[in-house]
Amino acid sequence: MAEKFECIIVGAGPAGLTAALALARAGVEVLVVERGEYPGSKNMFGGVLYSKGLHQLLPNFWDEAPVERPVARWGVSFLNDDSSMSLDFKSKQFCEAPFNAFTVLRSKFDRWYARKVEEAGAMLMTDTTVEDLLWEKDRVVGVKTSRPDGDLLADVVIVADGVNSLLKRKGASTLDLSPEDVSLGVKEILSLPPDAIERAFALSGGEGAAYTYVGTATQGIAGGGFIYTNKDSLSVGIVTKLSALAQQKTRPEDLLEAFKRHPLIRPLIKDGELQEYLAHLIPEGRVSGTNTLFQSGVLAAGDAAGFTLSTGLRVEGANYGIMSGLAAAETVLHARSLGDFTKRGLCVYPQNLRKQGALADLERFKGAPDFFKNSRLYQEYPELACQMGKSLFGVEPGPKKGVFALFKEELKGRVSWPQMVKDVVSGWRGLS
Ligand SMILES: Cc1cc2nc3c(=O)[nH]c(=O)nc-3n(C[C@H](O)[C@H](O)[C@H](O)COP(=O)(O)OP(=O)(O)OC[C@H]3O[C@@H](n4cnc5c(N)ncnc54)[C@H](O)[C@@H]3O)c2cc1C
């Protein structure tokens, strides 16, 4: 006889672990199955974990979690070949409890989070891949694992196996992601002494920085570059739309090398020694109907359900994993109280996703993925911003021109006025 649990969760990332924590605390018999040798061993992200959601679950988690640096400094830069135009924000408040965000290395953080989940009473099975769902008619009743005694039964399964979800394709959800809806992130971790990091990024006392670069960072391909400061390393990477990458026949590792060689990036990272190279996909946060996210006996959460938000300034996914994991746990508790794990018992899932904020945000910013497809954001506008910088700060012989005249001159031949107005309106619609 296969062993039976009340709930099986596939994947020990932020979504799966959060659902497990909430369920274990409510006394549910829950098993988390993770294919990695330990939680986090196969996981990567850019590097910023927003604190709010986790602080509500594990108050003052930063006192014991392996976080790197509280992010005090945020920057977004338009890059061309030799210049940058930046927005730089620094707040001392971000370095005080309840911190806004921390840089984090997933291999350390997920492992720690999984320990907290186990302490709450959940069981964790690592080194085990879930290969399929077990069905009884149209209802999921368990999972088939890679272990010799493979099958495990459950009242309900939460699929939190990430963006490339095998179980979504096996019928857990009907959410469909095309290469248009997915980006590829590649990143290097470069080790560097803490004082060198603080000198290069004008930081002090353990503060951190998160910088995003648009334009030449990805050779004009839709996406951006990033540098995040850890305790004694930098996370340096690029994220590009998968379909655009394929169209340009460009390799992401070549783009990353070019980004690192950029004359304004090179001085920031030059003494860093390569520690690790990682690559991972990111869903683009497109909601295609809430009924796609659950079936009888099964719910999808986190990246597996497309819960990532990219607003150009940053990628947020770990916090959406936490929100959707909580919503999945709430839904399971509701179904358990009814004794009904069919689609009818789980139908409060969209409502719970909205309440936790995950679905509400994706619905609110539903225009963002289309807005960020606009190639002018990565080509004409970064060039325009940098040329404007040169005109504003450079002094030429002869009479000076006003700012508007300079802007008109730089705009000419790059973007037409009607096009620019259309872009502003579409940005306003997508991001407000
Ligand atoms: C380059 C990059 C930069 C990013 N930057 C940020 C950032 O700065 N901030 C932010 O908040 N988010 C960021 N994200 C997004 C964030 O990483 C994800 O949204 C988040 O990790 C989703 O959590 P999850 O639990 O749904 O999935 P994951 O974290 O992917 O976890 C899925 C887990 O399931 C396991 N698994 C998969 N298949 C199976 C299987 N068949 N059987 C058993 N286990 C399985 C995996 O090993 C993994 O542990 C970034 C992503 C990338 C790629």
# chains A, B, ... in the order shown; residues from 1 in each chain; ligands from 1
>>> residues_near_ligand(ligand="ligand 1", cutoff="7 Å", atoms="only C-alpha atoms and all ligand atoms", output="PDB file with C-alpha atoms, in the first residue's frame")
ATOM      1  CA  VAL A  10       5.922  19.328  -4.871  1.00  0.00           C
ATOM      2  CA  GLY A  11       8.888  21.707  -4.739  1.00  0.00           C
ATOM      3  CA  ALA A  12      10.718  23.315  -1.811  1.00  0.00           C
ATOM      4  CA  GLY A  13      11.000  26.863  -3.164  1.00  0.00           C
ATOM      5  CA  PRO A  14       9.339  29.899  -1.538  1.00  0.00           C
ATOM      6  CA  ALA A  15       5.844  28.842  -2.731  1.00  0.00           C
ATOM      7  CA  GLY A  16       5.992  25.197  -1.614  1.00  0.00           C
ATOM      8  CA  VAL A  33       8.961  16.505  -2.042  1.00  0.00           C
ATOM      9  CA  GLU A  34      12.058  18.198  -3.486  1.00  0.00           C
ATOM     10  CA  ARG A  35      14.217  16.902  -6.342  1.00  0.00           C
ATOM     11  CA  GLY A  36      17.369  18.705  -5.142  1.00  0.00           C
ATOM     12  CA  PRO A  39      16.196  22.824  -0.734  1.00  0.00           C
ATOM     13  CA  GLY A  40      17.934  25.583  -2.657  1.00  0.00           C
ATOM     14  CA  LYS A  42      18.937  23.792  -7.645  1.00  0.00           C
ATOM     15  CA  ASN A  43      17.458  27.239  -7.124  1.00  0.00           C
ATOM     16  CA  MET A  44      18.581  30.649  -8.285  1.00  0.00           C
ATOM     17  CA  PHE A  45      17.202  34.150  -8.580  1.00  0.00           C
ATOM     18  CA  GLY A  46      18.637  37.611  -9.095  1.00  0.00           C
ATOM     19  CA  GLY A  47      18.883  38.159  -5.463  1.00  0.00           C
ATOM     20  CA  VAL A  48      16.400  40.431  -3.697  1.00  0.00           C
ATOM     21  CA  LEU A  49      13.927  39.038  -1.183  1.00  0.00           C
ATOM     22  CA  TYR A  50      11.225  41.525  -0.133  1.00  0.00           C
ATOM     23  CA  THR A 128      13.238  12.779  -5.019  1.00  0.00           C
ATOM     24  CA  THR A 129      11.664  13.893  -8.289  1.00  0.00           C
ATOM     25  CA  VAL A 130       7.923  13.796  -8.738  1.00  0.00           C
ATOM     26  CA  GLU A 131       7.474  12.336 -12.222  1.00  0.00           C
ATOM     27  CA  ALA A 160       4.995  24.358  -6.624  1.00  0.00           C
ATOM     28  CA  ASP A 161       7.660  22.958  -8.921  1.00  0.00           C
ATOM     29  CA  GLY A 162       8.673  26.238 -10.533  1.00  0.00           C
ATOM     30  CA  VAL A 163       8.439  27.844 -13.936  1.00  0.00           C
ATOM     31  CA  SER A 165       6.641  22.766 -14.176  1.00  0.00           C
ATOM     32  CA  LEU A 166       6.522  19.168 -15.335  1.00  0.00           C
ATOM     33  CA  LEU A 167       3.333  18.617 -13.353  1.00  0.00           C
ATOM     34  CA  LEU A 184      15.833  33.644 -19.314  1.00  0.00           C
ATOM     35  CA  GLY A 185      18.108  34.825 -16.504  1.00  0.00           C
ATOM     36  CA  VAL A 186      21.821  34.033 -16.352  1.00  0.00           C
ATOM     37  CA  LYS A 187      23.950  35.136 -13.464  1.00  0.00           C
ATOM     38  CA  ILE A 238      21.112  39.612 -17.297  1.00  0.00           C
ATOM     39  CA  VAL A 239      17.503  38.725 -17.958  1.00  0.00           C
ATOM     40  CA  ALA A 279      20.719  30.050 -15.354  1.00  0.00           C
ATOM     41  CA  HIS A 280      16.951  29.883 -14.869  1.00  0.00           C
ATOM     42  CA  LEU A 281      13.673  30.830 -16.546  1.00  0.00           C
ATOM     43  CA  ILE A 282      11.200  33.450 -15.276  1.00  0.00           C
ATOM     44  CA  ALA A 301       1.298  27.953  -6.776  1.00  0.00           C
ATOM     45  CA  GLY A 302       4.323  30.190  -7.318  1.00  0.00           C
ATOM     46  CA  ASP A 303       6.114  30.201 -10.667  1.00  0.00           C
ATOM     47  CA  ALA A 304       4.262  27.010 -11.661  1.00  0.00           C
ATOM     48  CA  PHE A 307       3.044  34.306 -10.205  1.00  0.00           C
ATOM     49  CA  THR A 308       5.937  36.630 -10.976  1.00  0.00           C
ATOM     50  CA  ARG A 314      12.836  44.655 -10.759  1.00  0.00           C
ATOM     51  CA  VAL A 315      11.613  41.055 -10.867  1.00  0.00           C
ATOM     52  CA  GLU A 316       9.437  40.035  -7.930  1.00  0.00           C
ATOM     53  CA  GLY A 317       8.730  36.338  -7.683  1.00  0.00           C
ATOM     54  CA  ALA A 318       9.812  34.997  -4.310  1.00  0.00           C
ATOM     55  CA  ASN A 319       7.270  37.210  -2.513  1.00  0.00           C
ATOM     56  CA  TYR A 320       4.550  36.144  -4.992  1.00  0.00           C
ATOM     57  CA  GLY A 321       5.599  32.561  -4.292  1.00  0.00           C
TER      58      GLY A 321
END
>>> select_by_dssp(residues="region 27-157 of chain A", states="alpha helix (DSSP H)", output="list in words")
Lys52, Gly53, Leu54, His55, Gln56, Leu57, Arg106, Ser107, Lys108, Phe109, Asp110, Arg111, Trp112, Tyr113, Ala114, Arg115, Lys116, Val117, Glu118 and Glu119 of chain A
>>> write_last_selection(atoms="N, CA, C and O atoms", output="JSON list (two decimals), in the first residue's frame")
[["chain", "number", "residue", "atom", "x", "y", "z"],
["A", 52, "LYS", "N", 8.38, 41.82, 3.62],
["A", 52, "LYS", "CA", 7.08, 41.95, 4.27],
["A", 52, "LYS", "C", 6.35, 40.61, 4.48],
["A", 52, "LYS", "O", 6.00, 40.28, 5.61],
["A", 53, "GLY", "N", 6.18, 39.86, 3.41],
["A", 53, "GLY", "CA", 5.41, 38.61, 3.51],
["A", 53, "GLY", "C", 6.03, 37.65, 4.50],
["A", 53, "GLY", "O", 5.34, 37.07, 5.36],
["A", 54, "LEU", "N", 7.33, 37.50, 4.43],
["A", 54, "LEU", "CA", 8.00, 36.53, 5.30],
["A", 54, "LEU", "C", 8.02, 37.00, 6.76],
["A", 54, "LEU", "O", 7.89, 36.20, 7.68],
["A", 55, "HIS", "N", 8.12, 38.32, 6.94],
["A", 55, "HIS", "CA", 8.12, 38.88, 8.30],
["A", 55, "HIS", "C", 6.80, 38.58, 9.01],
["A", 55, "HIS", "O", 6.76, 38.35, 10.22],
["A", 56, "GLN", "N", 5.70, 38.56, 8.23],
["A", 56, "GLN", "CA", 4.40, 38.24, 8.83],
["A", 56, "GLN", "C", 4.35, 36.78, 9.28],
["A", 56, "GLN", "O", 3.73, 36.44, 10.27],
["A", 57, "LEU", "N", 5.02, 35.94, 8.53],
["A", 57, "LEU", "CA", 5.02, 34.50, 8.85],
["A", 57, "LEU", "C", 6.04, 34.14, 9.93],
["A", 57, "LEU", "O", 5.78, 33.35, 10.83],
["A", 106, "ARG", "N", 20.05, 31.84, -2.72],
["A", 106, "ARG", "CA", 18.99, 30.85, -2.51],
["A", 106, "ARG", "C", 19.52, 29.53, -1.92],
["A", 106, "ARG", "O", 18.82, 28.85, -1.20],
["A", 107, "SER", "N", 20.76, 29.17, -2.27],
["A", 107, "SER", "CA", 21.26, 27.89, -1.78],
["A", 107, "SER", "C", 21.34, 27.89, -0.25],
["A", 107, "SER", "O", 21.15, 26.87, 0.40],
["A", 108, "LYS", "N", 21.57, 29.07, 0.34],
["A", 108, "LYS", "CA", 21.62, 29.14, 1.81],
["A", 108, "LYS", "C", 20.21, 29.40, 2.36],
["A", 108, "LYS", "O", 19.81, 28.79, 3.34],
["A", 109, "PHE", "N", 19.50, 30.33, 1.70],
["A", 109, "PHE", "CA", 18.23, 30.79, 2.27],
["A", 109, "PHE", "C", 17.17, 29.69, 2.26],
["A", 109, "PHE", "O", 16.51, 29.44, 3.26],
["A", 110, "ASP", "N", 17.00, 29.00, 1.12],
["A", 110, "ASP", "CA", 15.94, 27.99, 1.01],
["A", 110, "ASP", "C", 16.18, 26.85, 2.01],
["A", 110, "ASP", "O", 15.24, 26.28, 2.57],
["A", 111, "ARG", "N", 17.45, 26.54, 2.20],
["A", 111, "ARG", "CA", 17.81, 25.46, 3.14],
["A", 111, "ARG", "C", 17.36, 25.83, 4.56],
["A", 111, "ARG", "O", 16.82, 25.02, 5.29],
["A", 112, "TRP", "N", 17.63, 27.10, 4.92],
["A", 112, "TRP", "CA", 17.24, 27.57, 6.25],
["A", 112, "TRP", "C", 15.71, 27.58, 6.39],
["A", 112, "TRP", "O", 15.16, 27.12, 7.39],
["A", 113, "TYR", "N", 15.03, 28.08, 5.33],
["A", 113, "TYR", "CA", 13.56, 28.18, 5.37],
["A", 113, "TYR", "C", 12.96, 26.77, 5.52],
["A", 113, "TYR", "O", 12.01, 26.57, 6.29],
["A", 114, "ALA", "N", 13.55, 25.81, 4.83],
["A", 114, "ALA", "CA", 13.04, 24.43, 4.91],
["A", 114, "ALA", "C", 13.19, 23.89, 6.35],
["A", 114, "ALA", "O", 12.32, 23.15, 6.83],
["A", 115, "ARG", "N", 14.27, 24.29, 7.03],
["A", 115, "ARG", "CA", 14.44, 23.83, 8.42],
["A", 115, "ARG", "C", 13.32, 24.39, 9.30],
["A", 115, "ARG", "O", 12.79, 23.69, 10.16],
["A", 116, "LYS", "N", 12.93, 25.65, 9.08],
["A", 116, "LYS", "CA", 11.84, 26.25, 9.86],
["A", 116, "LYS", "C", 10.53, 25.49, 9.59],
["A", 116, "LYS", "O", 9.71, 25.31, 10.49],
["A", 117, "VAL", "N", 10.36, 25.08, 8.34],
["A", 117, "VAL", "CA", 9.14, 24.36, 7.96],
["A", 117, "VAL", "C", 9.11, 22.98, 8.64],
["A", 117, "VAL", "O", 8.07, 22.54, 9.13],
["A", 118, "GLU", "N", 10.27, 22.35, 8.68],
["A", 118, "GLU", "CA", 10.34, 21.04, 9.37],
["A", 118, "GLU", "C", 10.08, 21.21, 10.86],
["A", 118, "GLU", "O", 9.38, 20.40, 11.48],
["A", 119, "GLU", "N", 10.64, 22.28, 11.44],
["A", 119, "GLU", "CA", 10.41, 22.53, 12.88],
["A", 119, "GLU", "C", 8.92, 22.72, 13.17],
["A", 119, "GLU", "O", 8.45, 22.38, 14.25]]
>>> closest_residue(among="A:Leu17, A:Ile221, A:Gly142, A:Ala72", to="Lys4 (chain A)", atoms="only C-alpha atoms")
A:Gly142
>>> atom_distance(atom1="CA of Pro267 (chain A)", atom2="CA of Lys92 (chain A)")
25.4 Å
>>> residues_around(residues="Leu326 (chain A)", least_positions_apart="5", cutoff="9 Å", atoms="only C-alpha atoms", output="mmCIF file with N, CA, C and O atoms, in the first residue's frame")
data_model
loop_
_atom_site.group_PDB
_atom_site.id
_atom_site.type_symbol
_atom_site.label_atom_id
_atom_site.label_comp_id
_atom_site.auth_asym_id
_atom_site.auth_seq_id
_atom_site.Cartn_x
_atom_site.Cartn_y
_atom_site.Cartn_z
ATOM 1 N N ALA A 15 7.282 29.145 -2.682
ATOM 2 C CA ALA A 15 5.844 28.842 -2.731
ATOM 3 C C ALA A 15 5.536 27.565 -1.950
ATOM 4 O O ALA A 15 4.672 27.551 -1.062
ATOM 5 N N THR A 18 6.265 27.827 1.888
ATOM 6 C CA THR A 18 5.298 28.676 2.611
ATOM 7 C C THR A 18 3.984 27.930 2.815
ATOM 8 O O THR A 18 3.408 27.956 3.908
ATOM 9 N N ALA A 19 3.527 27.255 1.762
ATOM 10 C CA ALA A 19 2.288 26.480 1.902
ATOM 11 C C ALA A 19 2.476 25.427 2.994
ATOM 12 O O ALA A 19 1.596 25.225 3.847
ATOM 13 N N ALA A 20 3.644 24.781 2.996
ATOM 14 C CA ALA A 20 3.916 23.719 3.982
ATOM 15 C C ALA A 20 3.942 24.286 5.401
ATOM 16 O O ALA A 20 3.396 23.681 6.338
ATOM 17 N N LEU A 21 4.551 25.463 5.562
ATOM 18 C CA LEU A 21 4.636 26.073 6.894
ATOM 19 C C LEU A 21 3.229 26.366 7.421
ATOM 20 O O LEU A 21 2.902 26.014 8.571
ATOM 21 N N ALA A 22 2.406 26.990 6.577
ATOM 22 C CA ALA A 22 1.058 27.368 7.013
ATOM 23 C C ALA A 22 0.225 26.120 7.331
ATOM 24 O O ALA A 22 -0.516 26.089 8.320
ATOM 25 N N LEU A 23 0.373 25.081 6.526
ATOM 26 C CA LEU A 23 -0.431 23.870 6.755
ATOM 27 C C LEU A 23 0.052 23.112 7.991
ATOM 28 O O LEU A 23 -0.757 22.645 8.789
ATOM 29 N N GLY A 321 5.594 33.974 -4.682
ATOM 30 C CA GLY A 321 5.599 32.561 -4.292
ATOM 31 C C GLY A 321 5.052 32.431 -2.876
ATOM 32 O O GLY A 321 4.201 31.567 -2.593
ATOM 33 N N THR A 331 -6.670 27.645 1.085
ATOM 34 C CA THR A 331 -7.673 26.932 0.281
ATOM 35 C C THR A 331 -7.769 25.468 0.721
ATOM 36 O O THR A 331 -8.864 24.910 0.848
ATOM 37 N N ASN A 352 -8.758 33.610 -2.571
ATOM 38 C CA ASN A 352 -7.649 33.674 -1.606
ATOM 39 C C ASN A 352 -6.393 34.280 -2.238
ATOM 40 O O ASN A 352 -5.647 35.007 -1.580
ATOM 41 N N LEU A 353 -6.176 33.969 -3.515
ATOM 42 C CA LEU A 353 -5.023 34.557 -4.223
ATOM 43 C C LEU A 353 -5.175 36.071 -4.312
ATOM 44 O O LEU A 353 -4.206 36.819 -4.165
ATOM 45 N N GLN A 356 -4.553 37.596 -0.766
ATOM 46 C CA GLN A 356 -3.129 37.647 -0.405
ATOM 47 C C GLN A 356 -2.368 38.669 -1.244
ATOM 48 O O GLN A 356 -1.245 39.015 -0.935
#
>>> closest_residue(among="A:Lys390, A:Arg139, A:Lys422, A:Arg25", to="Leu299 (chain A)", atoms="only C-alpha atoms")
A:Arg139
>>> select_by_dssp(residues="region 237-426 of chain A", states="strand (DSSP E or B)", output="JSON, numbers by chain")
{"A": [237, 238, 239, 240, 241, 273, 274, 275, 276, 277, 278, 279, 280, 281, 282, 283, 294, 295, 298, 299, 300, 309, 310, 315, 316]}
>>> closest_residue(among="A:Phe371, A:Phe407, A:Tyr378, A:Phe61", to="Ser432 (chain A)", atoms="only C-alpha atoms")
A:Phe371
>>> residues_around(residues="region 191-205 of chain A", least_positions_apart="3", cutoff="7 Å", atoms="only C-alpha atoms", output="VMD selection string")
chain A and resid 208 231 to 234 268 271 to 275
